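Structure file data-v1.pdb (PDB, C-alpha atoms) follows.
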ATOM      1  CA  MET A   1     -15.007  -4.943 -26.802  1.00  0.00           C
ATOM      2  CA  THR A   2     -13.360  -7.925 -25.131  1.00  0.00           C
ATOM      3  CA  ARG A   3      -9.606  -8.256 -25.626  1.00  0.00           C
ATOM      4  CA  SER A   4      -8.322 -10.098 -28.715  1.00  0.00           C
ATOM      5  CA  GLU A   5     -11.576  -9.593 -30.630  1.00  0.00           C
ATOM      6  CA  THR A   6     -11.404  -8.018 -34.091  1.00  0.00           C
ATOM      7  CA  SER A   7     -13.952  -5.673 -35.589  1.00  0.00           C
ATOM      8  CA  HIS A   8     -14.529  -3.664 -38.759  1.00  0.00           C
ATOM      9  CA  TRP A   9     -16.231  -0.267 -38.797  1.00  0.00           C
ATOM     10  CA  ARG A  10     -17.505   1.876 -41.640  1.00  0.00           C
ATOM     11  CA  TRP A  11     -19.026   5.343 -41.629  1.00  0.00           C
ATOM     12  CA  ASP A  12     -20.748   7.233 -44.423  1.00  0.00           C
ATOM     13  CA  ALA A  13     -19.631  10.591 -43.054  1.00  0.00           C
ATOM     14  CA  ALA A  14     -16.845  12.069 -40.943  1.00  0.00           C
ATOM     15  CA  ILE A  15     -17.139  11.462 -37.184  1.00  0.00           C
ATOM     16  CA  GLU A  16     -15.267  12.443 -34.048  1.00  0.00           C
ATOM     17  CA  ALA A  17     -14.334   9.483 -31.832  1.00  0.00           C
ATOM     18  CA  LEU A  18     -12.409   8.814 -28.616  1.00  0.00           C
ATOM     19  CA  HIS A  19     -10.985   5.344 -28.035  1.00  0.00           C
ATOM     20  CA  ILE A  20     -10.164   4.106 -24.516  1.00  0.00           C
ATOM     21  CA  TYR A  21      -8.004   1.011 -24.115  1.00  0.00           C
ATOM     22  CA  MET A  22      -7.959  -0.511 -20.625  1.00  0.00           C
ATOM     23  CA  PRO A  23      -5.665  -3.499 -19.893  1.00  0.00           C
ATOM     24  CA  PHE A  24      -7.278  -6.721 -18.710  1.00  0.00           C
ATOM     25  CA  ASP A  25      -5.133  -6.594 -15.547  1.00  0.00           C
ATOM     26  CA  ALA A  26      -6.718  -3.268 -14.602  1.00  0.00           C
ATOM     27  CA  PHE A  27     -10.205  -4.743 -14.928  1.00  0.00           C
ATOM     28  CA  ALA A  28      -9.141  -7.881 -13.074  1.00  0.00           C
ATOM     29  CA  ARG A  29      -7.652  -5.952 -10.128  1.00  0.00           C
ATOM     30  CA  THR A  30     -10.798  -3.888  -9.743  1.00  0.00           C
ATOM     31  CA  ALA A  31     -13.032  -6.949 -10.041  1.00  0.00           C
ATOM     32  CA  GLU A  32     -10.978  -8.880  -7.464  1.00  0.00           C
ATOM     33  CA  GLU A  33     -11.352  -6.057  -4.963  1.00  0.00           C
ATOM     34  CA  ALA A  34     -15.071  -5.674  -5.698  1.00  0.00           C
ATOM     35  CA  PHE A  35     -15.980  -9.383  -5.592  1.00  0.00           C
ATOM     36  CA  GLU A  36     -13.199 -10.588  -3.264  1.00  0.00           C
ATOM     37  CA  ARG A  37     -12.454 -13.430  -5.714  1.00  0.00           C
ATOM     38  CA  ASP A  38      -9.698 -14.284  -8.185  1.00  0.00           C
ATOM     39  CA  ILE A  39     -10.760 -13.534 -11.752  1.00  0.00           C
ATOM     40  CA  ALA A  40     -10.337 -16.033 -14.595  1.00  0.00           C
ATOM     41  CA  GLU A  41     -11.878 -14.030 -17.442  1.00  0.00           C
ATOM     42  CA  ILE A  42     -13.848 -10.862 -18.101  1.00  0.00           C
ATOM     43  CA  GLU A  43     -15.987 -10.776 -21.243  1.00  0.00           C
ATOM     44  CA  LEU A  44     -17.428  -7.453 -22.366  1.00  0.00           C
ATOM     45  CA  LYS A  45     -20.906  -7.570 -23.847  1.00  0.00           C
ATOM     46  CA  ALA A  46     -21.352  -6.178 -27.349  1.00  0.00           C
ATOM     47  CA  SER A  47     -23.031  -2.809 -26.997  1.00  0.00           C
ATOM     48  CA  LEU A  48     -23.427  -0.573 -30.030  1.00  0.00           C
ATOM     49  CA  ALA A  49     -24.692   3.019 -29.998  1.00  0.00           C
ATOM     50  CA  ALA A  50     -25.258   2.899 -26.237  1.00  0.00           C
ATOM     51  CA  GLN A  51     -26.265   6.219 -24.701  1.00  0.00           C
ATOM     52  CA  ASP A  52     -24.249   6.189 -21.468  1.00  0.00           C
ATOM     53  CA  VAL A  53     -23.906   9.674 -20.029  1.00  0.00           C
ATOM     54  CA  ILE A  54     -21.822   8.491 -17.062  1.00  0.00           C
ATOM     55  CA  LEU A  55     -19.227   6.735 -19.204  1.00  0.00           C
ATOM     56  CA  THR A  56     -19.216   9.563 -21.739  1.00  0.00           C
ATOM     57  CA  GLU A  57     -18.448  12.117 -19.017  1.00  0.00           C
ATOM     58  CA  MET A  58     -15.575  10.047 -17.592  1.00  0.00           C
ATOM     59  CA  ILE A  59     -14.065   9.535 -21.049  1.00  0.00           C
ATOM     60  CA  GLN A  60     -14.282  13.264 -21.751  1.00  0.00           C
ATOM     61  CA  ARG A  61     -12.538  13.996 -18.463  1.00  0.00           C
ATOM     62  CA  LEU A  62      -9.734  11.594 -19.408  1.00  0.00           C
ATOM     63  CA  ALA A  63      -9.383  13.232 -22.801  1.00  0.00           C
ATOM     64  CA  THR A  64      -9.216  16.677 -21.201  1.00  0.00           C
ATOM     65  CA  GLU A  65      -6.583  15.531 -18.710  1.00  0.00           C
ATOM     66  CA  ALA A  66      -4.502  14.006 -21.514  1.00  0.00           C
ATOM     67  CA  CYS A  67      -4.377  17.435 -23.169  1.00  0.00           C
ATOM     68  CA  GLU A  68      -4.060  19.709 -20.142  1.00  0.00           C
ATOM     69  CA  LYS A  69      -1.999  17.545 -17.710  1.00  0.00           C
ATOM     70  CA  GLY A  70      -3.180  19.313 -14.565  1.00  0.00           C
ATOM     71  CA  LEU A  71      -1.974  19.159 -10.975  1.00  0.00           C
ATOM     72  CA  GLY A  72      -2.054  15.641  -9.511  1.00  0.00           C
ATOM     73  CA  GLY A  73      -2.614  14.165 -12.965  1.00  0.00           C
ATOM     74  CA  PRO A  74      -1.558  10.543 -12.247  1.00  0.00           C
ATOM     75  CA  LEU A  75      -3.810  10.327  -9.172  1.00  0.00           C
ATOM     76  CA  TYR A  76      -6.700  11.883 -11.069  1.00  0.00           C
ATOM     77  CA  VAL A  77      -6.299   9.489 -14.001  1.00  0.00           C
ATOM     78  CA  GLU A  78      -6.070   6.472 -11.681  1.00  0.00           C
ATOM     79  CA  ALA A  79      -9.264   7.548  -9.899  1.00  0.00           C
ATOM     80  CA  LEU A  80     -11.082   7.893 -13.237  1.00  0.00           C
ATOM     81  CA  ARG A  81      -9.724   4.527 -14.392  1.00  0.00           C
ATOM     82  CA  CYS A  82     -11.076   2.844 -11.272  1.00  0.00           C
ATOM     83  CA  GLN A  83     -14.494   4.490 -11.664  1.00  0.00           C
ATOM     84  CA  MET A  84     -14.674   3.511 -15.333  1.00  0.00           C
ATOM     85  CA  ALA A  85     -13.697  -0.088 -14.555  1.00  0.00           C
ATOM     86  CA  VAL A  86     -16.388  -0.420 -11.883  1.00  0.00           C
ATOM     87  CA  HIS A  87     -19.026   1.127 -14.151  1.00  0.00           C
ATOM     88  CA  ILE A  88     -18.133  -1.137 -17.081  1.00  0.00           C
ATOM     89  CA  LEU A  89     -18.044  -4.236 -14.862  1.00  0.00           C
ATOM     90  CA  ARG A  90     -21.502  -3.365 -13.538  1.00  0.00           C
ATOM     91  CA  SER A  91     -23.107  -2.588 -16.858  1.00  0.00           C
ATOM     92  CA  TYR A  92     -21.286  -4.329 -19.685  1.00  0.00           C
ATOM     93  CA  ALA A  93     -19.349  -7.353 -18.416  1.00  0.00           C
ATOM     94  CA  THR A  94     -19.693 -11.053 -17.738  1.00  0.00           C
ATOM     95  CA  ILE A  95     -17.161 -12.323 -15.179  1.00  0.00           C
ATOM     96  CA  ARG A  96     -15.830 -15.842 -14.708  1.00  0.00           C
ATOM     97  CA  PHE A  97     -14.090 -16.587 -11.400  1.00  0.00           C
ATOM     98  CA  GLN A  98     -11.148 -18.825 -10.554  1.00  0.00           C
ATOM     99  CA  PRO A  99     -11.928 -21.820  -8.295  1.00  0.00           C
ATOM    100  CA  LYS A 100     -11.526 -20.952  -4.632  1.00  0.00           C
ATOM    101  CA  GLU A 101      -8.227 -22.064  -3.165  1.00  0.00           C
ATOM    102  CA  GLN A 102      -8.194 -24.396  -0.190  1.00  0.00           C
ATOM    103  CA  ASN A 103      -5.142 -22.685   1.280  1.00  0.00           C
ATOM    104  CA  ASP A 104      -5.928 -19.031   1.828  1.00  0.00           C
ATOM    105  CA  GLY A 105      -2.686 -18.156   3.597  1.00  0.00           C
ATOM    106  CA  LEU A 106       0.946 -17.733   2.561  1.00  0.00           C
ATOM    107  CA  SER A 107       3.487 -20.444   1.821  1.00  0.00           C
ATOM    108  CA  GLN A 108       6.518 -20.830   4.061  1.00  0.00           C
ATOM    109  CA  ALA A 109       8.687 -19.446   1.262  1.00  0.00           C
ATOM    110  CA  GLN A 110       6.448 -16.374   0.901  1.00  0.00           C
ATOM    111  CA  ARG A 111       6.409 -15.866   4.660  1.00  0.00           C
ATOM    112  CA  ARG A 112      10.204 -16.002   4.909  1.00  0.00           C
ATOM    113  CA  LEU A 113      10.617 -13.753   1.862  1.00  0.00           C
ATOM    114  CA  LEU A 114       8.352 -11.112   3.398  1.00  0.00           C
ATOM    115  CA  MET A 115       9.990 -11.277   6.821  1.00  0.00           C
ATOM    116  CA  ASP A 116      13.481 -10.947   5.356  1.00  0.00           C
ATOM    117  CA  TYR A 117      12.459  -8.128   2.999  1.00  0.00           C
ATOM    118  CA  ILE A 118      10.780  -6.120   5.761  1.00  0.00           C
ATOM    119  CA  ASP A 119      13.769  -6.640   8.058  1.00  0.00           C
ATOM    120  CA  GLU A 120      16.242  -5.556   5.373  1.00  0.00           C
ATOM    121  CA  ASN A 121      14.180  -2.478   4.427  1.00  0.00           C
ATOM    122  CA  ILE A 122      12.878  -1.484   7.854  1.00  0.00           C
ATOM    123  CA  GLY A 123      14.287   2.018   7.465  1.00  0.00           C
ATOM    124  CA  THR A 124      12.478   2.701   4.194  1.00  0.00           C
ATOM    125  CA  SER A 125       8.869   3.548   3.342  1.00  0.00           C
ATOM    126  CA  LEU A 126       7.190   0.187   2.674  1.00  0.00           C
ATOM    127  CA  SER A 127       3.929   0.131   0.725  1.00  0.00           C
ATOM    128  CA  LEU A 128       1.221  -2.516   0.486  1.00  0.00           C
ATOM    129  CA  SER A 129       1.610  -2.713  -3.287  1.00  0.00           C
ATOM    130  CA  GLU A 130       5.366  -3.238  -2.905  1.00  0.00           C
ATOM    131  CA  LEU A 131       4.919  -6.137  -0.468  1.00  0.00           C
ATOM    132  CA  ALA A 132       2.058  -7.655  -2.457  1.00  0.00           C
ATOM    133  CA  SER A 133       4.113  -7.567  -5.659  1.00  0.00           C
ATOM    134  CA  LEU A 134       6.953  -9.330  -3.856  1.00  0.00           C
ATOM    135  CA  VAL A 135       4.827 -12.470  -3.449  1.00  0.00           C
ATOM    136  CA  GLY A 136       2.808 -12.099  -6.661  1.00  0.00           C
ATOM    137  CA  LEU A 137      -0.564 -11.171  -5.139  1.00  0.00           C
ATOM    138  CA  SER A 138      -3.031  -8.321  -5.545  1.00  0.00           C
ATOM    139  CA  VAL A 139      -3.146  -5.835  -2.671  1.00  0.00           C
ATOM    140  CA  PHE A 140      -6.535  -7.140  -1.569  1.00  0.00           C
ATOM    141  CA  HIS A 141      -5.517 -10.804  -1.474  1.00  0.00           C
ATOM    142  CA  PHE A 142      -2.136  -9.996   0.049  1.00  0.00           C
ATOM    143  CA  SER A 143      -3.702  -8.043   2.935  1.00  0.00           C
ATOM    144  CA  ARG A 144      -6.152 -10.845   3.703  1.00  0.00           C
ATOM    145  CA  ARG A 145      -3.572 -13.636   3.493  1.00  0.00           C
ATOM    146  CA  PHE A 146      -0.977 -11.683   5.474  1.00  0.00           C
ATOM    147  CA  HIS A 147      -3.479 -11.088   8.273  1.00  0.00           C
ATOM    148  CA  ARG A 148      -4.369 -14.770   8.320  1.00  0.00           C
ATOM    149  CA  GLU A 149      -0.700 -15.827   8.392  1.00  0.00           C
ATOM    150  CA  PHE A 150       0.703 -13.284  10.877  1.00  0.00           C
ATOM    151  CA  GLY A 151      -2.392 -12.597  12.966  1.00  0.00           C
ATOM    152  CA  ARG A 152      -2.311  -8.860  12.257  1.00  0.00           C
ATOM    153  CA  PRO A 153      -2.549  -6.468   9.291  1.00  0.00           C
ATOM    154  CA  PRO A 154       0.669  -5.693   7.366  1.00  0.00           C
ATOM    155  CA  TYR A 155       0.895  -2.136   8.743  1.00  0.00           C
ATOM    156  CA  ALA A 156       0.690  -3.420  12.337  1.00  0.00           C
ATOM    157  CA  TYR A 157       3.395  -6.026  11.707  1.00  0.00           C
ATOM    158  CA  VAL A 158       5.732  -3.478  10.096  1.00  0.00           C
ATOM    159  CA  LEU A 159       5.086  -1.028  12.944  1.00  0.00           C
ATOM    160  CA  GLN A 160       6.042  -3.663  15.510  1.00  0.00           C
ATOM    161  CA  GLN A 161       9.213  -4.494  13.581  1.00  0.00           C
ATOM    162  CA  ARG A 162      10.137  -0.803  13.509  1.00  0.00           C
ATOM    163  CA  LEU A 163       9.647  -0.569  17.268  1.00  0.00           C
ATOM    164  CA  ASP A 164      11.695  -3.701  17.910  1.00  0.00           C
ATOM    165  CA  HIS A 165      14.490  -2.415  15.682  1.00  0.00           C
ATOM    166  CA  ALA A 166      14.503   0.954  17.453  1.00  0.00           C
ATOM    167  CA  LYS A 167      14.570  -0.685  20.910  1.00  0.00           C
ATOM    168  CA  GLU A 168      17.501  -2.854  19.868  1.00  0.00           C
ATOM    169  CA  GLN A 169      19.396   0.216  18.635  1.00  0.00           C
ATOM    170  CA  LEU A 170      18.565   2.143  21.813  1.00  0.00           C
ATOM    171  CA  SER A 171      20.107  -0.573  23.961  1.00  0.00           C
ATOM    172  CA  ARG A 172      23.514   0.264  22.448  1.00  0.00           C
ATOM    173  CA  ARG A 173      23.410   3.821  23.914  1.00  0.00           C
ATOM    174  CA  ASP A 174      26.086   5.034  21.477  1.00  0.00           C
ATOM    175  CA  LEU A 175      23.775   6.169  18.666  1.00  0.00           C
ATOM    176  CA  PRO A 176      21.983   9.548  18.458  1.00  0.00           C
ATOM    177  CA  LEU A 177      18.198   9.331  18.562  1.00  0.00           C
ATOM    178  CA  LYS A 178      17.865  10.951  15.147  1.00  0.00           C
ATOM    179  CA  VAL A 179      20.052   8.214  13.624  1.00  0.00           C
ATOM    180  CA  ILE A 180      17.995   5.486  15.298  1.00  0.00           C
ATOM    181  CA  ALA A 181      14.766   7.137  14.124  1.00  0.00           C
ATOM    182  CA  ALA A 182      15.921   7.226  10.514  1.00  0.00           C
ATOM    183  CA  ALA A 183      17.216   3.646  10.603  1.00  0.00           C
ATOM    184  CA  SER A 184      13.899   2.439  12.056  1.00  0.00           C
ATOM    185  CA  GLY A 185      11.663   4.048   9.461  1.00  0.00           C
ATOM    186  CA  SER A 186      10.509   7.121  11.417  1.00  0.00           C
ATOM    187  CA  SER A 187      10.385  10.406   9.539  1.00  0.00           C
ATOM    188  CA  ASP A 188      12.263  12.156  12.356  1.00  0.00           C
ATOM    189  CA  GLN A 189      13.071  11.938  16.070  1.00  0.00           C
ATOM    190  CA  SER A 190       9.760  13.534  17.082  1.00  0.00           C
ATOM    191  CA  HIS A 191       7.832  10.968  15.075  1.00  0.00           C
ATOM    192  CA  MET A 192       9.681   8.126  16.833  1.00  0.00           C
ATOM    193  CA  THR A 193       9.004   9.700  20.234  1.00  0.00           C
ATOM    194  CA  ARG A 194       5.260   9.970  19.525  1.00  0.00           C
ATOM    195  CA  LEU A 195       5.248   6.363  18.348  1.00  0.00           C
ATOM    196  CA  PHE A 196       6.923   5.145  21.537  1.00  0.00           C
ATOM    197  CA  LYS A 197       4.585   7.161  23.754  1.00  0.00           C
ATOM    198  CA  ARG A 198       1.488   5.940  21.932  1.00  0.00           C
ATOM    199  CA  THR A 199       2.388   2.260  21.798  1.00  0.00           C
ATOM    200  CA  LEU A 200       4.730   1.699  24.765  1.00  0.00           C
ATOM    201  CA  ASN A 201       3.851   4.661  27.016  1.00  0.00           C
ATOM    202  CA  VAL A 202       7.537   5.557  27.365  1.00  0.00           C
ATOM    203  CA  THR A 203       9.879   7.841  25.463  1.00  0.00           C
ATOM    204  CA  PRO A 204      12.822   6.425  23.498  1.00  0.00           C
ATOM    205  CA  GLY A 205      15.168   7.818  26.159  1.00  0.00           C
ATOM    206  CA  GLU A 206      13.302   6.030  28.926  1.00  0.00           C
ATOM    207  CA  CYS A 207      13.279   2.845  26.903  1.00  0.00           C
ATOM    208  CA  GLY A 208      17.026   3.094  26.414  1.00  0.00           C
ATOM    209  CA  ASN A 209      17.435   3.264  30.189  1.00  0.00           C
ATOM    210  CA  GLY A 210      15.477   0.078  30.736  1.00  0.00           C
ATOM    211  CA  GLY A 211      12.129   1.822  31.197  1.00  0.00           C
ATOM    212  CA  ASN A 212      13.163   3.848  34.285  1.00  0.00           C
ATOM    213  CA  ALA A 213      11.366   7.081  35.081  1.00  0.00           C
ATOM    214  CA  GLY A 214      14.473   9.139  34.322  1.00  0.00           C
ATOM    215  CA  SER A 215      15.955   9.789  30.922  1.00  0.00           C
ATOM    216  CA  HIS A 216      19.589  10.392  30.057  1.00  0.00           C
ATOM    217  CA  THR A 217      20.590  12.931  27.439  1.00  0.00           C
ATOM    218  CA  GLY A 218      24.130  13.326  26.198  1.00  0.00           C
ATOM    219  CA  HIS A 219      25.590  16.707  25.199  1.00  0.00           C
ATOM    220  CA  GLY A 220      29.001  16.446  23.631  1.00  0.00           C
ATOM    221  CA  ASP A 221      31.643  14.043  24.925  1.00  0.00           C
ATOM    222  CA  ASP A 222      31.781  14.929  28.608  1.00  0.00           C
ATOM    223  CA  LEU A 223      28.516  16.624  29.606  1.00  0.00           C
ATOM    224  CA  HIS A 224      25.492  14.487  30.475  1.00  0.00           C
ATOM    225  CA  VAL A 225      22.207  15.555  32.001  1.00  0.00           C
ATOM    226  CA  PHE A 226      19.996  13.187  33.975  1.00  0.00           C
ATOM    227  CA  LYS A 227      16.299  14.084  34.198  1.00  0.00           C
ATOM    228  CA  GLY A 228      14.234  12.413  36.885  1.00  0.00           C
ATOM    229  CA  LYS A 229      14.550  11.342  40.492  1.00  0.00           C
ATOM    230  CA  THR A 230      18.050  11.127  41.890  1.00  0.00           C
ATOM    231  CA  PRO A 231      18.596   7.840  43.735  1.00  0.00           C
ATOM    232  CA  ALA A 232      19.426   8.075  47.418  1.00  0.00           C
ATOM    233  CA  ALA A 233      23.089   7.812  48.356  1.00  0.00           C
TER     234      ALA A 233
END
Spell out the structure here as structure tokens.
Amino acid sequence: MTRSETSHWRWDAAIEALHIYMPFDAFARTAEEAFERDIAEIELKASLAAQDVILTEMIQRLATEACEKGLGGPLYVEALRCQMAVHILRSYATIRFQPKEQNDGLSQAQRRLLMDYIDENIGTSLSLSELASLVGLSVFHFSRRFHREFGRPPYAYVLQQRLDHAKEQLSRRDLPLKVIAAASGSSDQSHMTRLFKRTLNVTPGECGNGGNAGSHTGHGDDLHVFKGKTPAA
């Protein structure tokens, strides 16, 4: 049934029933990703006594999970919710779309908000849903508009900001690599080193020395080891 509709039911004998309530926003998010359009309204067609083995199986799985609460329950339920939404949209729904917007990018305010937020949280784990929510967009629309605005996907932009932040910290030469790695969003020093090698073809130590072939490693306050070619006297 479509939201806000009322109904009255009467049975002549006892029955066993399972009721599934899915928010409109859940349907709308799935429909936006499927059709790549903003959704104005979703109307469910009246369907009584339908024999739908696919939907019945998914509902039974949800009911079982609600009782048993197995490993990875939230992920499992979300996967079933998405499958149910797609199946219902295909078989039982009429969809009305929002008019297409002329401007398919981000406003200057949204752009600045995102840049500042990413800069302030560069050391944390940033998710697409978190950034999309910041500017009031679905993940699908956010990814498309971000790419159009910045010329690259969100993950590539954040990666570049992490690298730039790490290079700036390395230029100070008074911070341990593990501290710089954590402050730049890397899981550990090894992760930052692999990232530098893959994207810049240098190690963080080499980058801190201006990209020279040698790398300088400090041990304590007075012992330093230089690895690489020793310049001629």
*From the set A:Ala26, A:Leu159, A:Val139, A:Leu131, which residue has the shortest atom-to-atom contact distance to Leu114 of chain A, counting only C-alpha atoms?*
A:Leu131
*Within 12 Å of Gly73 of chain A, counting all atoms listed in the file, which residues qualify if same-chain residues fewer than 6 places away don't, as an MDAnalysis selection string?*
chainID A and resid 61:67 79:80
*Point out the residue among A:Tyr21, A:Phe140, A:Tyr117, A:Phe27 with the least atom-to-atom distance to Ile59 of chain A, counting all atoms listed in the file.*
A:Tyr21
*Resolved residues for the PyMOL selection byres ((chain A and resi 196) around 12) as number ranges by chain*: A: 159-160, 162-164, 166-167, 181, 186, 189-195, 197-208, 211
*Which residue gives the smallest distance to Ser143 of chain A among A:Ile54, A:Leu44, A:Leu106, A:Leu89, with all atoms listed in the file counted?*
A:Leu106
*Evaluate the PyMOL selection byres ((chain A and resi 146) around 10) and report residues as a PyMOL selection string*: chain A and resi 104-106+110-111+114+132+141-145+147-154+157
_Evaluate the PyMOL selection byres ((chain A and resi 85) around 12) and report residues as a PyMOL selection string_ = chain A and resi 20-34+42+44+55+58-59+78-84+86-93
*Quote the spacing between atom CA of Ala109 of chain A and atom CA of Gly185 of chain A in Å to one decimal place.*
25.1 Å
*asked:* I'd like the neighbourhood of Ile95 of chain A as a PyMOL selection string, where a residue qualifies if any of its atoms comes within 8 Å (using only C-alpha atoms), though same-chain residues fewer than 5 positions away should be ignored.
replied: chain A and resi 39-43
Write to file, as a PDB file, in the coordinates of the input, the residues of the selection just made, with C-alpha atoms.
ATOM      1  CA  ILE A  39     -10.760 -13.534 -11.752  1.00  0.00           C
ATOM      2  CA  ALA A  40     -10.337 -16.033 -14.595  1.00  0.00           C
ATOM      3  CA  GLU A  41     -11.878 -14.030 -17.442  1.00  0.00           C
ATOM      4  CA  ILE A  42     -13.848 -10.862 -18.101  1.00  0.00           C
ATOM      5  CA  GLU A  43     -15.987 -10.776 -21.243  1.00  0.00           C
TER       6      GLU A  43
END
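Residue neighbourhood of Gly123 of chain A, excluding near-sequence residues (fewer than 6 positions): Ala182, Ala183, Ser184 and Gly185 of chain A, at 7 Å, using only C-alpha atoms.
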Centre and edge lengths, as JSON, for the axis-aligned box enclosing every listed atom of segment 76-81 of chain A with 5 Å of padding on each of the six sides, in Å to one decimal?
{"center_x": -8.6, "center_y": 8.2, "center_z": -12.1, "size_x": 15.0, "size_y": 17.4, "size_z": 14.5}
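Here atom CA of Leu113 of chain A stands at a distance of 8.0 Å from atom CA of Val135 of chain A.
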*Go ahead and compute the interatomic distance for atom CA of Leu137 of chain A and atom CA of Tyr76 of chain A, in Å to one decimal.*
24.6 Å
Kindly reconstruct segment 44-59 of chain A with N, CA and C atoms and present the result as a PDB file, in the coordinates of the input.
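Output file out-v7.pdb follows:
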ATOM      1  N   LEU A  44     -16.592  -8.640 -22.191  1.00  0.00           N
ATOM      2  CA  LEU A  44     -17.428  -7.453 -22.366  1.00  0.00           C
ATOM      3  C   LEU A  44     -18.557  -7.756 -23.342  1.00  0.00           C
ATOM      4  N   LYS A  45     -19.744  -7.350 -22.982  1.00  0.00           N
ATOM      5  CA  LYS A  45     -20.906  -7.570 -23.847  1.00  0.00           C
ATOM      6  C   LYS A  45     -20.869  -6.581 -25.017  1.00  0.00           C
ATOM      7  N   ALA A  46     -21.279  -7.057 -26.176  1.00  0.00           N
ATOM      8  CA  ALA A  46     -21.352  -6.178 -27.349  1.00  0.00           C
ATOM      9  C   ALA A  46     -22.440  -5.135 -27.129  1.00  0.00           C
ATOM     10  N   SER A  47     -22.060  -3.879 -27.235  1.00  0.00           N
ATOM     11  CA  SER A  47     -23.031  -2.809 -26.997  1.00  0.00           C
ATOM     12  C   SER A  47     -22.762  -1.689 -27.993  1.00  0.00           C
ATOM     13  N   LEU A  48     -23.601  -1.577 -28.991  1.00  0.00           N
ATOM     14  CA  LEU A  48     -23.427  -0.573 -30.030  1.00  0.00           C
ATOM     15  C   LEU A  48     -24.391   0.590 -29.827  1.00  0.00           C
ATOM     16  N   ALA A  49     -23.887   1.791 -30.072  1.00  0.00           N
ATOM     17  CA  ALA A  49     -24.692   3.019 -29.998  1.00  0.00           C
ATOM     18  C   ALA A  49     -25.373   3.180 -28.650  1.00  0.00           C
ATOM     19  N   ALA A  50     -24.686   2.751 -27.587  1.00  0.00           N
ATOM     20  CA  ALA A  50     -25.258   2.899 -26.237  1.00  0.00           C
ATOM     21  C   ALA A  50     -25.174   4.356 -25.807  1.00  0.00           C
ATOM     22  N   GLN A  51     -26.244   4.856 -25.224  1.00  0.00           N
ATOM     23  CA  GLN A  51     -26.265   6.219 -24.701  1.00  0.00           C
ATOM     24  C   GLN A  51     -25.965   6.156 -23.201  1.00  0.00           C
ATOM     25  N   ASP A  52     -24.686   6.318 -22.859  1.00  0.00           N
ATOM     26  CA  ASP A  52     -24.249   6.189 -21.468  1.00  0.00           C
ATOM     27  C   ASP A  52     -23.615   7.511 -21.040  1.00  0.00           C
ATOM     28  N   VAL A  53     -24.392   8.336 -20.382  1.00  0.00           N
ATOM     29  CA  VAL A  53     -23.906   9.674 -20.029  1.00  0.00           C
ATOM     30  C   VAL A  53     -22.788   9.608 -18.988  1.00  0.00           C
ATOM     31  N   ILE A  54     -22.851   8.611 -18.103  1.00  0.00           N
ATOM     32  CA  ILE A  54     -21.822   8.491 -17.062  1.00  0.00           C
ATOM     33  C   ILE A  54     -20.477   8.150 -17.686  1.00  0.00           C
ATOM     34  N   LEU A  55     -20.470   7.137 -18.556  1.00  0.00           N
ATOM     35  CA  LEU A  55     -19.227   6.735 -19.204  1.00  0.00           C
ATOM     36  C   LEU A  55     -18.717   7.820 -20.139  1.00  0.00           C
ATOM     37  N   THR A  56     -19.616   8.476 -20.839  1.00  0.00           N
ATOM     38  CA  THR A  56     -19.216   9.563 -21.739  1.00  0.00           C
ATOM     39  C   THR A  56     -18.518  10.682 -20.980  1.00  0.00           C
ATOM     40  N   GLU A  57     -19.057  11.037 -19.813  1.00  0.00           N
ATOM     41  CA  GLU A  57     -18.448  12.117 -19.017  1.00  0.00           C
ATOM     42  C   GLU A  57     -17.055  11.731 -18.538  1.00  0.00           C
ATOM     43  N   MET A  58     -16.888  10.481 -18.077  1.00  0.00           N
ATOM     44  CA  MET A  58     -15.575  10.047 -17.592  1.00  0.00           C
ATOM     45  C   MET A  58     -14.553  10.012 -18.720  1.00  0.00           C
ATOM     46  N   ILE A  59     -14.972   9.565 -19.905  1.00  0.00           N
ATOM     47  CA  ILE A  59     -14.065   9.535 -21.049  1.00  0.00           C
ATOM     48  C   ILE A  59     -13.653  10.947 -21.449  1.00  0.00           C
TER      49      ILE A  59
END
